[in-house]
$ cat my_file-v8.txt   # compact mmCIF, C-alpha atoms and all ligand atoms
# COMPACT_ATOMS: atom_id res chain seq x y z
CA MET A 1 138.10 85.55 -144.30
CA ARG A 2 137.34 83.22 -141.38
CA TYR A 3 138.02 84.22 -137.80
CA LEU A 4 141.32 83.15 -136.29
CA THR A 5 140.43 81.97 -132.78
CA PHE A 6 142.48 82.17 -129.58
CA ALA A 7 141.91 80.28 -126.33
CA LEU A 8 143.38 82.22 -123.42
CA GLY A 9 143.51 81.23 -119.76
CA LYS A 10 141.51 83.43 -117.38
CA GLY A 11 144.16 83.19 -114.66
CA ARG A 12 147.63 84.56 -114.02
CA LEU A 13 148.79 84.70 -117.64
CA ALA A 14 145.85 86.74 -118.97
CA LYS A 15 147.15 90.24 -118.23
CA GLN A 16 150.59 89.71 -119.79
CA THR A 17 149.10 87.94 -122.80
CA LEU A 18 146.80 90.89 -123.51
CA GLU A 19 149.70 93.33 -123.02
CA LEU A 20 151.86 91.37 -125.47
CA PHE A 21 149.06 91.20 -128.07
CA GLU A 22 148.50 94.92 -127.67
CA LYS A 23 152.16 95.58 -128.51
CA ILE A 24 151.73 93.89 -131.90
CA GLY A 25 148.52 95.78 -132.63
CA ILE A 26 146.01 93.16 -131.54
CA THR A 27 143.62 94.95 -129.26
CA CYS A 28 140.32 94.01 -127.79
CA GLU A 29 139.12 96.83 -125.53
CA GLU A 30 136.16 94.80 -124.23
CA MET A 31 138.49 92.15 -122.79
CA LYS A 32 140.13 94.66 -120.45
CA ASP A 33 136.97 95.05 -118.36
CA LYS A 34 137.89 93.11 -115.22
CA ASP A 35 134.29 92.94 -113.96
CA SER A 36 132.96 91.47 -117.19
CA ARG A 37 131.68 87.86 -117.11
CA LYS A 38 131.80 87.60 -120.89
CA LEU A 39 133.78 84.65 -122.29
CA ILE A 40 134.05 85.41 -126.01
CA PHE A 41 135.37 88.61 -127.57
CA THR A 42 135.65 89.57 -131.21
CA ASN A 43 137.89 91.96 -133.12
CA GLU A 44 135.88 92.46 -136.32
CA GLU A 45 138.53 94.51 -138.08
CA LEU A 46 141.26 91.86 -137.72
CA LYS A 47 138.83 88.91 -137.88
CA LEU A 48 139.96 87.54 -134.54
CA LYS A 49 138.03 85.83 -131.76
CA PHE A 50 139.22 85.27 -128.20
CA PHE A 51 137.84 82.68 -125.76
CA LEU A 52 138.54 82.97 -122.04
CA ALA A 53 138.90 79.42 -120.74
CA LYS A 54 140.09 77.82 -117.52
CA GLY A 55 143.89 77.53 -117.88
CA PRO A 56 144.15 73.71 -117.90
CA ASP A 57 141.41 73.53 -120.59
CA VAL A 58 143.29 75.69 -123.12
CA PRO A 59 145.14 72.73 -124.78
CA THR A 60 141.82 70.85 -125.04
CA TYR A 61 140.19 73.66 -127.06
CA VAL A 62 143.27 73.81 -129.28
CA GLU A 63 143.54 70.03 -129.84
CA TYR A 64 139.91 69.82 -130.95
CA GLY A 65 140.23 72.88 -133.20
CA ALA A 66 137.64 74.88 -131.24
CA ALA A 67 140.49 77.38 -131.05
CA ASP A 68 143.31 77.68 -133.61
CA ILE A 69 145.79 79.09 -131.12
CA GLY A 70 146.20 79.00 -127.35
CA VAL A 71 148.36 80.43 -124.61
CA ALA A 72 149.08 78.09 -121.70
CA GLY A 73 151.73 77.44 -119.08
CA LYS A 74 154.31 74.78 -119.95
CA ASP A 75 153.07 72.88 -116.86
CA THR A 76 149.56 72.67 -118.36
CA ILE A 77 150.94 71.54 -121.73
CA LEU A 78 153.05 68.78 -120.11
CA GLU A 79 150.24 67.67 -117.82
CA GLU A 80 147.41 67.65 -120.38
CA ARG A 81 149.42 65.85 -123.10
CA ARG A 82 147.19 67.16 -125.91
CA LYS A 83 148.07 66.88 -129.59
CA VAL A 84 149.08 70.49 -130.23
CA HIS A 85 152.15 72.19 -131.68
CA GLU A 86 154.10 74.30 -129.19
CA VAL A 87 155.36 77.14 -131.37
CA LEU A 88 156.71 79.88 -129.10
CA ASP A 89 158.07 80.47 -125.61
CA LEU A 90 156.44 83.76 -124.61
CA GLY A 91 158.91 84.32 -121.78
CA TYR A 92 156.50 85.44 -119.05
CA GLY A 93 154.80 83.41 -116.31
CA ARG A 94 158.24 82.12 -115.37
CA CYS A 95 158.34 79.64 -112.50
CA SER A 96 159.61 76.10 -111.83
CA MET A 97 158.09 72.70 -111.25
CA CYS A 98 159.80 71.36 -108.14
CA VAL A 99 159.85 68.52 -105.67
CA CYS A 100 159.41 70.20 -102.29
CA GLY A 101 159.13 69.12 -98.68
CA TYR A 102 160.97 69.17 -95.37
CA LYS A 103 164.71 68.67 -95.73
CA GLU A 104 164.27 65.44 -93.73
CA ALA A 105 162.83 64.00 -96.96
CA VAL A 106 166.16 64.33 -98.81
CA PRO A 107 167.43 60.83 -97.81
CA LEU A 108 164.09 59.32 -98.90
CA LEU A 109 164.65 60.79 -102.35
CA GLN A 110 168.33 59.79 -102.42
CA HIS A 111 167.61 56.19 -101.43
CA HIS A 112 164.64 55.84 -103.79
CA GLU A 113 162.24 54.96 -100.96
CA LEU A 114 158.60 54.25 -101.77
CA ILE A 115 157.31 57.70 -100.80
CA ARG A 116 153.97 59.47 -101.27
CA VAL A 117 153.97 62.47 -103.62
CA ALA A 118 151.04 64.90 -103.45
CA THR A 119 150.46 67.05 -106.53
CA LYS A 120 148.03 68.83 -108.84
CA TYR A 121 150.21 67.47 -111.70
CA PRO A 122 150.09 63.64 -111.57
CA ASN A 123 151.39 63.13 -115.12
CA ILE A 124 154.37 65.44 -114.61
CA ALA A 125 155.13 63.82 -111.23
CA LYS A 126 154.83 60.28 -112.66
CA ASP A 127 157.04 61.13 -115.62
CA TYR A 128 159.69 62.66 -113.34
CA PHE A 129 159.81 59.89 -110.73
CA TYR A 130 159.29 56.89 -113.04
CA ASN A 131 161.08 57.92 -116.24
CA THR A 132 163.71 60.43 -115.11
CA LYS A 133 164.59 59.17 -111.64
CA HIS A 134 163.49 55.54 -111.92
CA GLN A 135 161.91 55.74 -108.46
CA THR A 136 158.63 54.01 -107.62
CA VAL A 137 156.32 56.36 -105.71
CA GLU A 138 152.65 56.70 -104.79
CA ILE A 139 151.08 59.74 -106.44
CA ILE A 140 148.25 61.48 -104.57
CA LYS A 141 146.26 63.93 -106.70
CA LEU A 142 145.22 67.19 -105.00
CA ASN A 143 143.54 70.28 -106.43
CA GLY A 144 145.26 73.11 -104.53
CA SER A 145 147.00 74.16 -101.32
CA ILE A 146 149.45 71.37 -102.12
CA GLU A 147 151.91 72.60 -99.45
CA LEU A 148 149.52 71.30 -96.79
CA ALA A 149 150.24 67.67 -97.68
CA PRO A 150 153.68 67.19 -96.07
CA ILE A 151 152.71 69.39 -93.11
CA VAL A 152 149.70 67.26 -92.17
CA GLY A 153 151.39 63.95 -93.04
CA LEU A 154 149.49 63.15 -96.22
CA SER A 155 152.72 62.80 -98.21
CA GLU A 156 156.48 62.94 -97.77
CA VAL A 157 156.97 65.41 -100.65
CA ILE A 158 154.98 67.45 -103.16
CA VAL A 159 155.49 68.26 -106.83
CA ASP A 160 154.31 71.83 -107.36
CA ILE A 161 154.99 75.20 -108.93
CA VAL A 162 157.46 77.49 -107.18
CA GLU A 163 157.60 81.11 -108.28
CA THR A 164 158.82 83.46 -105.54
CA GLY A 165 159.23 80.66 -102.98
CA SER A 166 157.15 82.53 -100.40
CA THR A 167 154.44 79.86 -100.07
CA LEU A 168 157.12 77.28 -99.27
CA LYS A 169 158.93 79.62 -96.87
CA GLU A 170 155.80 80.59 -94.98
CA ASN A 171 155.03 76.93 -94.48
CA GLY A 172 158.53 75.82 -93.49
CA LEU A 173 159.15 73.79 -96.66
CA GLU A 174 162.02 73.81 -99.15
CA VAL A 175 162.78 73.03 -102.77
CA LEU A 176 164.44 69.60 -102.77
CA GLU A 177 164.80 69.00 -106.53
CA GLU A 178 163.92 70.96 -109.68
CA VAL A 179 161.81 69.05 -112.21
CA CYS A 180 161.80 71.68 -115.00
CA PRO A 181 161.60 75.41 -115.69
CA LEU A 182 158.21 76.75 -116.87
CA SER A 183 156.85 79.73 -118.78
CA ALA A 184 153.89 80.67 -120.96
CA ARG A 185 153.86 79.03 -124.40
CA MET A 186 151.88 79.56 -127.56
CA ILE A 187 150.28 76.40 -128.94
CA VAL A 188 148.61 75.80 -132.30
CA ASN A 189 146.16 73.21 -133.61
CA PRO A 190 148.02 71.00 -136.16
CA VAL A 191 145.35 71.45 -138.87
CA SER A 192 145.20 75.24 -138.34
CA MET A 193 148.98 75.29 -138.64
CA ARG A 194 148.58 74.15 -142.26
CA MET A 195 145.28 75.82 -143.18
CA GLU A 196 146.11 79.21 -141.66
CA SER A 197 149.87 79.05 -142.05
CA THR A 198 150.26 82.55 -143.54
CA ARG A 199 148.31 84.32 -140.79
CA ILE A 200 149.95 82.23 -138.06
CA LYS A 201 153.47 82.78 -139.42
CA THR A 202 152.86 86.55 -139.61
CA LEU A 203 151.63 86.51 -136.01
CA LEU A 204 154.69 84.53 -134.84
CA THR A 205 157.09 86.88 -136.65
CA LYS A 206 155.50 89.90 -134.94
CA LEU A 207 155.55 88.21 -131.55
CA ARG A 208 159.19 87.12 -131.89
CA ALA A 209 160.18 90.70 -132.69
CA GLN A 210 158.64 91.79 -129.37
CA LEU A 211 160.18 89.12 -127.15
N1 LIG A 301 152.95 81.16 -108.62
C1 LIG A 301 152.37 80.51 -109.62
N2 LIG A 301 151.46 79.56 -109.35
C2 LIG A 301 150.82 78.90 -110.33
N3 LIG A 301 151.04 79.12 -111.64
C3 LIG A 301 151.96 80.04 -111.97
C4 LIG A 301 152.66 80.78 -110.99
N4 LIG A 301 153.47 81.63 -111.62
C5 LIG A 301 153.30 81.44 -112.92
N5 LIG A 301 152.40 80.48 -113.16
C6 LIG A 301 151.96 80.04 -114.48
O1 LIG A 301 150.66 80.57 -114.67
C7 LIG A 301 149.85 79.59 -115.33
C8 LIG A 301 148.38 79.93 -115.23
O2 LIG A 301 148.02 80.20 -113.91
P1 LIG A 301 146.49 80.15 -113.51
O3 LIG A 301 146.29 81.14 -112.44
O4 LIG A 301 145.61 80.21 -114.70
O5 LIG A 301 146.44 78.66 -113.05
P2 LIG A 301 146.06 77.95 -111.74
O6 LIG A 301 145.96 78.92 -110.61
O7 LIG A 301 146.99 76.79 -111.61
O8 LIG A 301 144.69 77.39 -112.17
P3 LIG A 301 143.42 77.19 -111.34
O9 LIG A 301 142.50 78.14 -111.99
O10 LIG A 301 143.12 75.75 -111.58
O11 LIG A 301 143.76 77.53 -109.90
C9 LIG A 301 150.31 78.28 -114.75
O12 LIG A 301 149.96 77.23 -115.61
C10 LIG A 301 151.82 78.51 -114.63
O13 LIG A 301 152.46 78.14 -115.84
O1 LIG A 302 156.41 80.43 -105.00
P1 LIG A 302 155.16 81.25 -104.86
O2 LIG A 302 155.29 82.61 -105.46
O3 LIG A 302 154.67 81.28 -103.45
O4 LIG A 302 154.03 80.55 -105.77
C1 LIG A 302 153.77 79.17 -105.69
C2 LIG A 302 152.39 78.88 -105.20
O5 LIG A 302 151.43 79.40 -106.14
C3 LIG A 302 150.61 78.34 -106.62
O6 LIG A 302 149.47 78.18 -105.88
P2 LIG A 302 148.13 78.97 -106.24
O7 LIG A 302 148.23 80.39 -105.80
O8 LIG A 302 147.76 78.73 -107.68
O9 LIG A 302 147.08 78.27 -105.31
P3 LIG A 302 146.60 76.78 -105.18
O10 LIG A 302 147.10 76.38 -103.85
O11 LIG A 302 145.14 76.86 -105.26
O12 LIG A 302 147.19 75.94 -106.29
C4 LIG A 302 151.49 77.10 -106.43
O13 LIG A 302 150.70 75.93 -106.37
C5 LIG A 302 152.19 77.37 -105.13
O14 LIG A 302 151.41 77.05 -104.03
$ encode --input "my_file-v8.txt" --output "C-alpha cells" --more "lines below"
Ligand SMILES: Nc1ncnc2c1ncn2[C@@H]1O[C@H](COP(=O)(O)OP(=O)(O)OP(=O)(O)O)[C@@H](O)[C@H]1O
Ligand SMILES: O=P(O)(O)OC[C@H]1O[C@H](OP(=O)(O)OP(=O)(O)O)[C@H](O)[C@@H]1O
Amino acid sequence: MRYLTFALGKGRLAKQTLELFEKIGITCEEMKDKDSRKLIFTNEELKLKFFLAKGPDVPTYVEYGAADIGVAGKDTILEERRKVHEVLDLGYGRCSMCVCGYKEAVPLLQHHELIRVATKYPNIAKDYFYNTKHQTVEIIKLNGSIELAPIVGLSEVIVDIVETGSTLKENGLEVLEEVCPLSARMIVNPVSMRMESTRIKTLLTKLRAQL
C-alpha cells in the first residue's frame, strides 16, 4: 500500500488539526514535539505521511499531487486559487475576512470612490471590490501588520482577517464590511480523489462523525 500524504500548515491550525486526527485514531507522536525542526513525519502502521508546510503553500502541494490531502484556511484556498477539491469544513480556525478602517471611510465605500486597499490577500480583495461590489480600487499588497496601513495613510481601508477584533480595537479601527466567513477546510488532489477514493472516503466519514 502506498503512503497517503497530508500537507499541514505549521501555523495556527496545526494544533487543532493534530487534535482532530488524534480523535479518529491518526496519531503521530513525533509531530507533537514543539521544538522539533523536522518537516516530514511518518506513521508506518497506517501508511501515512505528514508534511509541515507554510500555510499558504498547502494548496500548492495538493494541486501538484506532492500531497494527496491538505488542511488550509478558506482564506488561503480563495487566495491561492489552486485546482483542488474542497471536501470538508473542519469547523475550527473560525474568523472573518473583512474590510476594515476608520469609520470616516464608510462614505468612500458607499459612494464607490477610487480608494486604496491594503491587504495580504490581493485576489480576495480584487474579487470582492470588482466582482461583488463593482467598485474600482487600487490594491496594495502587504505581508503583515496590515492594520498599520490606514493609520499611517498608506490606504483608506484594509482587507484582512478579523478573529477576536482585538488588533483592530487596539489600533482604533473598525470592521466596515464583512467579505466572507472563514474556517479550516480539508482539500484533496483531484487525481488522488479517484485513485485513493476508498481511503479518502473512510477518512471523511470518520472526520464527519467527529465534527
Ligand atoms: N487571527 C487570525 N489571524 C490569521 N489567521 C487566522 C486567525 N484565526 C484563524 N486563522 C486561520 O488560520 C489560518 C492559518 O494561520 P497561520 O498562522 O498559518 O497563517 P498566517 O499567520 O497568515 O501565515 P504566515 O505564516 O504567513 O504569517 C489562516 O489561513 C486563517 O484561516
Ligand atoms: O482579530 P484578532 O484576533 O486580533 O486577529 C486578527 C489579526 O491576526 C492576524 O494577524 P497575524 O497575527 O497573523 O499577524 P500579521 O500581522 O503578521 O499578519 C490578522 O492579520 C489580524 O491582524
$ closest_residue --input "my_file-v8.txt" --among "A:Ala118, A:Cys98, A:Ala67, A:Ala184" --to "Val152 in chain A" --atoms "only C-alpha atoms"
A:Ala118
$ residues_near_ligand --input "my_file-v8.txt" --ligand "ligand LIG 302 (chain A)" --cutoff "6 Å" --atoms "all atoms listed in the file" --output "JSON, numbers by chain"
{"A": [144, 145, 146, 160, 161, 162, 163, 164, 165, 166, 167]}
$ residues_around --input "my_file-v8.txt" --residues "range 19-26 of chain A" --least-positions-apart "6" --cutoff "8 Å" --atoms "all atoms listed in the file" --output "PDB file with C-alpha atoms, keeping the file's coordinate frame"
ATOM      1  CA  LEU A  46     141.260  91.860-137.720  1.00  0.00           C
ATOM      2  CA  LYS A 206     155.500  89.900-134.940  1.00  0.00           C
ATOM      3  CA  LEU A 207     155.550  88.210-131.550  1.00  0.00           C
ATOM      4  CA  GLN A 210     158.640  91.790-129.370  1.00  0.00           C
TER       5      GLN A 210
END
$ residues_around --input "my_file-v8.txt" --residues "Val157 in chain A" --least-positions-apart "4" --cutoff "9 Å" --atoms "all atoms listed in the file" --output "PyMOL selection string"
chain A and resi 99-102+105+115-119+147+149-150+176
$ closest_residue --input "my_file-v8.txt" --among "A:Val87, A:Met1, A:Val175, A:Leu168" --to "ligand LIG 301 (chain A)" --atoms "all atoms listed in the file"
A:Leu168
$ closest_residue --input "my_file-v8.txt" --among "A:Glu178, A:Gly172, A:Asn143, A:Leu18" --to "ligand LIG 301 (chain A)" --atoms "only C-alpha atoms and all ligand atoms"
A:Asn143
$ atom_distance --input "my_file-v8.txt" --atom1 "CA of Ile187 in chain A" --atom2 "CA of Ile140 in chain A"
28.6 Å
$ residues_near_ligand --input "my_file-v8.txt" --ligand "ligand LIG 301 (chain A)" --cutoff "9 Å" --atoms "all atoms listed in the file" --output "PyMOL selection string"
chain A and resi 9-14+54-56+72-77+92-96+120+143-144+160-165+167+182-185
$ write_last_selection --input "my_file-v8.txt" --atoms "C-alpha atoms" --output "mmCIF file, keeping the file's coordinate frame"
data_model
loop_
_atom_site.group_PDB
_atom_site.id
_atom_site.type_symbol
_atom_site.label_atom_id
_atom_site.label_comp_id
_atom_site.auth_asym_id
_atom_site.auth_seq_id
_atom_site.Cartn_x
_atom_site.Cartn_y
_atom_site.Cartn_z
ATOM 1 C CA GLY A 9 143.510 81.230 -119.760
ATOM 2 C CA LYS A 10 141.510 83.430 -117.380
ATOM 3 C CA GLY A 11 144.160 83.190 -114.660
ATOM 4 C CA ARG A 12 147.630 84.560 -114.020
ATOM 5 C CA LEU A 13 148.790 84.700 -117.640
ATOM 6 C CA ALA A 14 145.850 86.740 -118.970
ATOM 7 C CA LYS A 54 140.090 77.820 -117.520
ATOM 8 C CA GLY A 55 143.890 77.530 -117.880
ATOM 9 C CA PRO A 56 144.150 73.710 -117.900
ATOM 10 C CA ALA A 72 149.080 78.090 -121.700
ATOM 11 C CA GLY A 73 151.730 77.440 -119.080
ATOM 12 C CA LYS A 74 154.310 74.780 -119.950
ATOM 13 C CA ASP A 75 153.070 72.880 -116.860
ATOM 14 C CA THR A 76 149.560 72.670 -118.360
ATOM 15 C CA ILE A 77 150.940 71.540 -121.730
ATOM 16 C CA TYR A 92 156.500 85.440 -119.050
ATOM 17 C CA GLY A 93 154.800 83.410 -116.310
ATOM 18 C CA ARG A 94 158.240 82.120 -115.370
ATOM 19 C CA CYS A 95 158.340 79.640 -112.500
ATOM 20 C CA SER A 96 159.610 76.100 -111.830
ATOM 21 C CA LYS A 120 148.030 68.830 -108.840
ATOM 22 C CA ASN A 143 143.540 70.280 -106.430
ATOM 23 C CA GLY A 144 145.260 73.110 -104.530
ATOM 24 C CA ASP A 160 154.310 71.830 -107.360
ATOM 25 C CA ILE A 161 154.990 75.200 -108.930
ATOM 26 C CA VAL A 162 157.460 77.490 -107.180
ATOM 27 C CA GLU A 163 157.600 81.110 -108.280
ATOM 28 C CA THR A 164 158.820 83.460 -105.540
ATOM 29 C CA GLY A 165 159.230 80.660 -102.980
ATOM 30 C CA THR A 167 154.440 79.860 -100.070
ATOM 31 C CA LEU A 182 158.210 76.750 -116.870
ATOM 32 C CA SER A 183 156.850 79.730 -118.780
ATOM 33 C CA ALA A 184 153.890 80.670 -120.960
ATOM 34 C CA ARG A 185 153.860 79.030 -124.400
#
$ atom_distance --input "my_file-v8.txt" --atom1 "CA of Val58 in chain A" --atom2 "CA of Glu138 in chain A"
28.0 Å
$ atom_distance --input "my_file-v8.txt" --atom1 "CA of Leu211 in chain A" --atom2 "CA of Tyr3 in chain A"
25.1 Å
$ closest_residue --input "my_file-v8.txt" --among "A:Leu173, A:Val191, A:Ile200, A:Ala209" --to "Val84 in chain A" --atoms "only C-alpha atoms"
A:Val191
$ closest_residue --input "my_file-v8.txt" --among "A:Leu154, A:Val62, A:Leu148, A:Phe50" --to "Glu170 in chain A" --atoms "all atoms listed in the file"
A:Leu148
$ closest_residue --input "my_file-v8.txt" --among "A:Lys141, A:Leu52, A:Thr205, A:Val106" --to "Glu177 in chain A" --atoms "only C-alpha atoms"
A:Val106
$ residues_around --input "my_file-v8.txt" --residues "Arg2 in chain A" --least-positions-apart "3" --cutoff "12 Å" --atoms "all atoms listed in the file" --output "list of chain:residue names"
A:Thr5, A:Glu44, A:Glu45, A:Leu46, A:Lys47, A:Leu48, A:Lys49, A:Asp68, A:Ser192, A:Met195, A:Glu196, A:Arg199
$ residues_around --input "my_file-v8.txt" --residues "Lys32 in chain A" --least-positions-apart "3" --cutoff "9 Å" --atoms "all atoms listed in the file" --output "VMD selection string"
chain A and resid 15 18 28 to 29 35 to 36
